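Participant: Have a look at the structure that comes next, please.
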Amino acid sequence: MDLDAVRTFVAAADAGRFHDAAAELSITQQAVSKRIATLEKILGVRLFNRTPRGAKLTIDGQAFLPHARDLLRAEERAINSVRPGRRALRVDVIGRRLAPAALLRGFHRAHPEIELDVVTLFDADAAVDAVRSGTIDASFRAVTRPSRQLPGDIGVARAFDEPIQLLTGPAHELAAVRAVTPTELVGHRIWMPGIVPGTEWAAYYDALAAAFDLTIEITGPDFGTEPLLDTIADSGSLATFVGEQTSFVWPVDHGLRRIAVKDPTPVYPHSLLWHRDNPHPALAALRNHLFSGRFDRSDAETWTPAWA
């Protein structure tokens, strides 16, 4: 459908006169008549009754008007999706229940006028490729490579160190403690079936297990979060690691325990990646929000992998 004709129809409907619609659109009255005649031919109905006093919508014209307005609003949304400074800021997060999503929610509360398009890519390599191609504007990832080994057009900065917690069921022997050290977890079975070898989160937990001689099992099918929580709740021997800001909801009778890990506290190093030449104004606002004195790693003794 010719959107110029639709726009002309809406202008004429609002003005009530073809002459006034022509003045608003900066075209001739003849052009207005021609566009509306073409639209009527496409639709197979009359949209206006022409009178000496102007143009009055027919019943069909009245029925078509709200849909015509919807078409023009859809056109505006489509244009804004790619217009510099108007389209939504596209940001990749590792998971919608994890800390980066919480950081984005904080940014949105501080800047409600900025529209966000949140996506979830598979791993850091996919995120770097998407940032370079312009598919996304930024990504929250743990970066296992030194910054000098990243493409030169990629900017990267540490955004947030998230403490790791132990999650157990009520029958686990550690369920009653408030905190444990990594050394106290030696010999316990930590089950994390969602870890995918070769990803940055697999590299993190491999380094954590090696550093403290922990047993982290990734065997068994990954059926998602709810079956994992069900299994942990019913087990007296299995536990799992979760991020401090990971959002979980479970039935009250599960009795799950979130236990702090301290001395040292393992933290997951979330970094922000972006293209250095990306002109999106909201990207600068996001970086200012993250890096304006909000990030401090000095409060406690922490552990991160050597690559972080």
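Convention: chains lettered A, B, ... in structure tokens order; per-chain residue numbering from 1; ligands numbered from 1 as shown.
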If we count only C-alpha atoms, what is near region 15-30 of chain A at a cut-off of 12 Å, once residues fewer than 6 positions away on the same chain are taken out, given as a ChimeraX atom specification?
Facilitator: /A:4-5,7-9,36-37,48-57
Participant: Extract, using only C-alpha atoms, all DNA, RNA and protein residues at most 8 Å from region 274-277 of chain A, discarding same-chain residues fewer than 2 positions from it, and format them as a PyMOL selection string.
Facilitator: chain A and resi 131-132+137-139+153-156+272+279
Participant: Once you have the residues from the selection above, write them out as a PDB file, in the first residue's frame, restricted to N, CA, C and O atoms.
Facilitator:
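Here's the written file again-v8.pdb:
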ATOM      1  N   VAL A 131      29.156  -7.076  17.686  1.00  0.00           N
ATOM      2  CA  VAL A 131      29.538  -5.681  17.933  1.00  0.00           C
ATOM      3  C   VAL A 131      30.266  -5.117  16.720  1.00  0.00           C
ATOM      4  O   VAL A 131      30.011  -3.982  16.288  1.00  0.00           O
ATOM      5  N   ARG A 132      31.176  -5.881  16.147  1.00  0.00           N
ATOM      6  CA  ARG A 132      31.949  -5.400  14.996  1.00  0.00           C
ATOM      7  C   ARG A 132      31.060  -5.181  13.768  1.00  0.00           C
ATOM      8  O   ARG A 132      31.282  -4.240  12.995  1.00  0.00           O
ATOM      9  N   ASP A 137      24.917  -3.017  19.790  1.00  0.00           N
ATOM     10  CA  ASP A 137      25.706  -1.849  20.170  1.00  0.00           C
ATOM     11  C   ASP A 137      26.697  -2.151  21.283  1.00  0.00           C
ATOM     12  O   ASP A 137      27.748  -1.519  21.369  1.00  0.00           O
ATOM     13  N   ALA A 138      26.354  -3.097  22.147  1.00  0.00           N
ATOM     14  CA  ALA A 138      27.223  -3.408  23.279  1.00  0.00           C
ATOM     15  C   ALA A 138      26.900  -4.795  23.785  1.00  0.00           C
ATOM     16  O   ALA A 138      25.836  -5.359  23.480  1.00  0.00           O
ATOM     17  N   SER A 139      27.824  -5.347  24.575  1.00  0.00           N
ATOM     18  CA  SER A 139      27.626  -6.683  25.138  1.00  0.00           C
ATOM     19  C   SER A 139      28.263  -6.759  26.513  1.00  0.00           C
ATOM     20  O   SER A 139      29.344  -6.213  26.733  1.00  0.00           O
ATOM     21  N   ASP A 153      39.203  -2.267  16.995  1.00  0.00           N
ATOM     22  CA  ASP A 153      38.028  -1.388  17.004  1.00  0.00           C
ATOM     23  C   ASP A 153      37.045  -1.734  18.126  1.00  0.00           C
ATOM     24  O   ASP A 153      35.990  -1.125  18.239  1.00  0.00           O
ATOM     25  N   ILE A 154      37.405  -2.688  18.973  1.00  0.00           N
ATOM     26  CA  ILE A 154      36.538  -3.089  20.077  1.00  0.00           C
ATOM     27  C   ILE A 154      37.040  -2.459  21.374  1.00  0.00           C
ATOM     28  O   ILE A 154      38.190  -2.639  21.763  1.00  0.00           O
ATOM     29  N   GLY A 155      36.165  -1.716  22.042  1.00  0.00           N
ATOM     30  CA  GLY A 155      36.477  -1.199  23.364  1.00  0.00           C
ATOM     31  C   GLY A 155      35.984  -2.175  24.416  1.00  0.00           C
ATOM     32  O   GLY A 155      34.958  -2.838  24.230  1.00  0.00           O
ATOM     33  N   VAL A 156      36.709  -2.293  25.512  1.00  0.00           N
ATOM     34  CA  VAL A 156      36.307  -3.204  26.582  1.00  0.00           C
ATOM     35  C   VAL A 156      36.705  -2.600  27.926  1.00  0.00           C
ATOM     36  O   VAL A 156      37.774  -2.007  28.051  1.00  0.00           O
ATOM     37  N   LEU A 272      32.015  -4.760  29.743  1.00  0.00           N
ATOM     38  CA  LEU A 272      31.211  -4.201  28.657  1.00  0.00           C
ATOM     39  C   LEU A 272      32.084  -4.093  27.415  1.00  0.00           C
ATOM     40  O   LEU A 272      33.207  -3.574  27.480  1.00  0.00           O
ATOM     41  N   PRO A 279      28.297   5.539  16.949  1.00  0.00           N
ATOM     42  CA  PRO A 279      27.885   6.908  17.305  1.00  0.00           C
ATOM     43  C   PRO A 279      26.598   6.980  18.119  1.00  0.00           C
ATOM     44  O   PRO A 279      26.131   8.079  18.426  1.00  0.00           O
TER      45      PRO A 279
END
Participant: Mind checking which residues fall within 10 Å of Asp213 (chain A), counting only C-alpha atoms, ignoring those fewer than 4 positions away in the same chain, and posting them as a list in words?
Facilitator: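 Surrounding residues, per the criterion: Pro182, Thr183, Leu185, Val186, Gly187, Ala207, Leu208 and Ala209 of chain A.
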Participant: Using DSSP secondary structure from the backbone, list all helix (DSSP H, G or I) positions within region 85-250 of chain A, as number ranges by chain.
Facilitator: A: 99-110, 124-133, 147-149, 182-185, 200-212, 225-234
Participant: Set the distance at 8 Å and use only C-alpha atoms: which residues neighbour Arg257 (chain A) once local chain neighbours fewer than 3 positions away are removed? I'd like the list as an MDAnalysis selection string.
Facilitator: chainID A and resid 166:170 175
Participant: Atoms to include: all heavy atoms. Write the selected residues as a CSV table (one decimal), in the first residue's frame.
Facilitator:
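What ended up in again_12.csv:
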chain,number,residue,atom,x,y,z
A,166,LEU,N,26.9,-20.3,46.8
A,166,LEU,CA,26.6,-21.7,46.8
A,166,LEU,C,25.1,-21.9,47.0
A,166,LEU,O,24.6,-21.3,48.0
A,166,LEU,CB,27.4,-22.5,47.9
A,166,LEU,CG,27.3,-24.0,47.8
A,166,LEU,CD1,28.1,-24.5,46.6
A,166,LEU,CD2,27.8,-24.6,49.1
A,167,LEU,N,24.5,-22.7,46.2
A,167,LEU,CA,23.0,-22.9,46.4
A,167,LEU,C,22.8,-24.4,46.8
A,167,LEU,O,23.3,-25.3,46.1
A,167,LEU,CB,22.3,-22.6,45.1
A,167,LEU,CG,20.8,-22.7,45.2
A,167,LEU,CD1,20.2,-21.6,46.0
A,167,LEU,CD2,20.2,-22.7,43.8
A,168,THR,N,22.2,-24.7,47.9
A,168,THR,CA,22.0,-26.0,48.4
A,168,THR,C,20.5,-26.2,48.8
A,168,THR,O,19.8,-25.3,48.9
A,168,THR,CB,22.8,-26.3,49.6
A,168,THR,OG1,22.2,-25.7,50.8
A,168,THR,CG2,24.3,-25.9,49.5
A,169,GLY,N,20.2,-27.5,48.9
A,169,GLY,CA,18.9,-27.9,49.4
A,169,GLY,C,18.9,-27.9,50.9
A,169,GLY,O,20.0,-27.9,51.5
A,170,PRO,N,17.8,-28.1,51.6
A,170,PRO,CA,17.7,-28.1,53.1
A,170,PRO,C,18.4,-29.3,53.7
A,170,PRO,O,18.8,-29.2,54.9
A,170,PRO,CB,16.2,-28.1,53.4
A,170,PRO,CG,15.6,-28.6,52.2
A,170,PRO,CD,16.4,-28.2,51.0
A,175,ALA,N,23.8,-26.7,54.6
A,175,ALA,CA,22.6,-25.8,54.5
A,175,ALA,C,22.5,-24.9,55.6
A,175,ALA,O,21.9,-23.8,55.5
A,175,ALA,CB,21.4,-26.7,54.3
Participant: Find the residues near Ser237 (chain A): any atom within 9 Å, counting only C-alpha atoms, skip ones fewer than 4 places away on the same chain, and give them as a list of chain:residue names.
Facilitator: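 Counting only the stated atoms, we get A:Thr168, A:Gly169, A:Ala171, A:His172, A:Glu173, A:His188, A:Arg189, A:Ile190, A:Ile232.
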Participant: My list of candidates is A:Pro146, A:Pro264, A:Pro151, A:Pro281. Which is closest to Pro163 (chain A) when distances are computed with only C-alpha atoms?
Facilitator: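 Smallest distance to Pro163 (chain A) is found for A:Pro264.
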Participant: Can you list, as an mmCIF file with N, CA and C atoms, in the first residue's frame, every protein, DNA or RNA residue that comes within 8 Å of region 176-179 of chain A when you count only C-alpha atoms, leaving out same-chain residues fewer than 4 positions away?
Facilitator:
data_model
loop_
_atom_site.group_PDB
_atom_site.id
_atom_site.type_symbol
_atom_site.label_atom_id
_atom_site.label_comp_id
_atom_site.auth_asym_id
_atom_site.auth_seq_id
_atom_site.Cartn_x
_atom_site.Cartn_y
_atom_site.Cartn_z
ATOM 1 N N PRO A 170 17.778 -28.088 51.609
ATOM 2 C CA PRO A 170 17.747 -28.089 53.082
ATOM 3 C C PRO A 170 18.434 -29.300 53.709
ATOM 4 N N ILE A 259 24.225 -19.444 50.011
ATOM 5 C CA ILE A 259 25.294 -19.347 51.003
ATOM 6 C C ILE A 259 26.458 -18.559 50.415
ATOM 7 N N ALA A 260 26.914 -17.549 51.128
ATOM 8 C CA ALA A 260 28.039 -16.731 50.666
ATOM 9 C C ALA A 260 29.318 -17.560 50.651
ATOM 10 N N VAL A 261 30.157 -17.288 49.656
ATOM 11 C CA VAL A 261 31.478 -17.912 49.576
ATOM 12 C C VAL A 261 32.503 -16.806 49.824
ATOM 13 N N LYS A 262 33.372 -16.999 50.849
ATOM 14 C CA LYS A 262 34.278 -15.927 51.275
ATOM 15 C C LYS A 262 35.680 -16.464 51.540
#
Participant: Which residues, written as a ChimeraX atom specification, have at least one atom at most 9 Å from Val10 (chain A), with only C-alpha atoms counted and residues fewer than 6 positions away on the same chain left out?
Facilitator: /A:21,65,68-69
Participant: Any chance you can output those residues with N, CA, C and O atoms as a PDB file, in the first residue's frame?
Facilitator:
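Writing done, so here's selection_14.pdb:
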ATOM      1  N   ALA A  21      -5.510  19.995   3.278  1.00  0.00           N
ATOM      2  CA  ALA A  21      -4.575  18.867   3.322  1.00  0.00           C
ATOM      3  C   ALA A  21      -3.402  19.115   2.384  1.00  0.00           C
ATOM      4  O   ALA A  21      -2.253  18.793   2.713  1.00  0.00           O
ATOM      5  N   LEU A  65      -9.955   4.797   8.829  1.00  0.00           N
ATOM      6  CA  LEU A  65      -9.110   5.831   9.423  1.00  0.00           C
ATOM      7  C   LEU A  65      -8.228   5.330  10.568  1.00  0.00           C
ATOM      8  O   LEU A  65      -7.014   5.599  10.557  1.00  0.00           O
ATOM      9  N   ALA A  68      -5.454   3.359   9.143  1.00  0.00           N
ATOM     10  CA  ALA A  68      -4.511   4.207   8.425  1.00  0.00           C
ATOM     11  C   ALA A  68      -3.526   4.864   9.389  1.00  0.00           C
ATOM     12  O   ALA A  68      -2.326   4.954   9.110  1.00  0.00           O
ATOM     13  N   ARG A  69      -4.051   5.318  10.524  1.00  0.00           N
ATOM     14  CA  ARG A  69      -3.158   5.903  11.531  1.00  0.00           C
ATOM     15  C   ARG A  69      -2.162   4.849  12.040  1.00  0.00           C
ATOM     16  O   ARG A  69      -0.983   5.156  12.274  1.00  0.00           O
TER      17      ARG A  69
END
Participant: Per residue of region 127-207 of chain A within 7 Å of region 265-268 of chain A, note the shortest atom pair and the distance in Å to one decimal, counting only C-alpha atoms, and order the rows by chain and increasing residue number, as a Markdown table.
Facilitator:
| residue | atom | partner | partner_atom | distance |
| --- | --- | --- | --- | --- |
| A:Asp161 | CA | A:Val267 | CA | 5.4 |
| A:Glu162 | CA | A:Val267 | CA | 4.9 |
| A:Pro163 | CA | A:Val267 | CA | 4.2 |
| A:Ile164 | CA | A:Val267 | CA | 5.6 |
Participant: Quote the spacing between CA of Val118 (chain A) and CA of Val91 (chain A) in Å to one decimal place.
Facilitator: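 Between CA of Val118 (chain A) and CA of Val91 (chain A) the gap works out to 5.1 Å.
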Participant: Please compute the CA of Gly152 (chain A)-CA of Asp125 (chain A) distance, one decimal, in Å.
Facilitator: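 CA of Asp125 (chain A) lies at a distance of 14.7 Å from CA of Gly152 (chain A).
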Participant: Here is a test: counting only C-alpha atoms, which residue of A:Leu150, A:Ala101, A:Ala159, A:Leu89 is nearest to Ala284 (chain A)?
Facilitator: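 Answer, going by the shortest atom-to-atom distance: A:Leu89.
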Participant: One decimal, Å: what's the distance from CA of Arg90 (chain A) over to CA of Ile136 (chain A), could you say?
Facilitator: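 Interatomic distance here is 5.0 Å.
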Participant: Report the residues of region 83-293 of chain A whose backbone DSSP state falls under strand (DSSP E or B), written as a ChimeraX atom specification.
Facilitator: /A:89-92,116-119,138-141,154-168,179-180,189-191,215-217,238-243,257-261,265-275
Participant: Take the selection from the previous step and output its residues with C-alpha atoms, as a compact mmCIF listing (two decimals), in the first residue's frame.
Facilitator:
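Listing of result-v2.txt after writing:
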# COMPACT_ATOMS: atom_id res chain seq x y z
CA LEU A 89 20.11 0.64 22.00
CA ARG A 90 20.75 -3.06 21.29
CA VAL A 91 22.60 -4.75 24.17
CA ASP A 92 23.59 -8.39 24.57
CA LEU A 116 16.51 -0.76 25.02
CA ASP A 117 16.51 -3.87 22.85
CA VAL A 118 17.96 -6.70 24.95
CA VAL A 119 19.27 -9.81 23.19
CA ALA A 138 27.22 -3.41 23.28
CA SER A 139 27.63 -6.68 25.14
CA PHE A 140 28.16 -7.74 28.75
CA ARG A 141 30.64 -10.63 28.78
CA ILE A 154 36.54 -3.09 20.08
CA GLY A 155 36.48 -1.20 23.36
CA VAL A 156 36.31 -3.20 26.58
CA ALA A 157 36.11 -2.23 30.25
CA ARG A 158 35.32 -4.13 33.44
CA ALA A 159 31.79 -3.26 34.47
CA PHE A 160 30.95 -5.39 37.48
CA ASP A 161 32.46 -8.13 39.66
CA GLU A 162 29.63 -10.40 40.82
CA PRO A 163 30.20 -12.58 43.91
CA ILE A 164 29.46 -16.27 43.45
CA GLN A 165 27.21 -18.05 45.96
CA LEU A 166 26.61 -21.70 46.79
CA LEU A 167 23.03 -22.92 46.39
CA THR A 168 21.98 -26.02 48.40
CA ALA A 179 29.21 -18.65 54.64
CA VAL A 180 31.85 -21.08 53.42
CA ARG A 189 29.78 -32.27 44.51
CA ILE A 190 28.91 -29.05 42.68
CA TRP A 191 26.57 -29.74 39.78
CA THR A 215 34.68 -30.89 41.86
CA ILE A 216 32.34 -29.20 39.36
CA GLU A 217 30.27 -31.72 37.40
CA LEU A 238 24.53 -31.89 45.30
CA ALA A 239 24.97 -28.11 45.31
CA THR A 240 25.45 -25.56 42.55
CA PHE A 241 27.01 -22.14 42.07
CA VAL A 242 24.89 -19.07 41.28
CA GLY A 243 25.66 -15.41 40.88
CA ARG A 257 19.73 -21.88 50.76
CA ARG A 258 21.95 -19.23 49.18
CA ILE A 259 25.29 -19.35 51.00
CA ALA A 260 28.04 -16.73 50.67
CA VAL A 261 31.48 -17.91 49.58
CA THR A 265 35.16 -14.44 47.42
CA PRO A 266 35.10 -15.78 43.84
CA VAL A 267 33.68 -13.06 41.60
CA TYR A 268 32.54 -13.32 38.00
CA PRO A 269 34.11 -10.50 35.94
CA HIS A 270 31.45 -8.90 33.76
CA SER A 271 32.89 -6.50 31.16
CA LEU A 272 31.21 -4.20 28.66
CA LEU A 273 32.26 -4.46 25.01
CA TRP A 274 31.42 -1.87 22.35
CA HIS A 275 32.62 -0.62 18.95
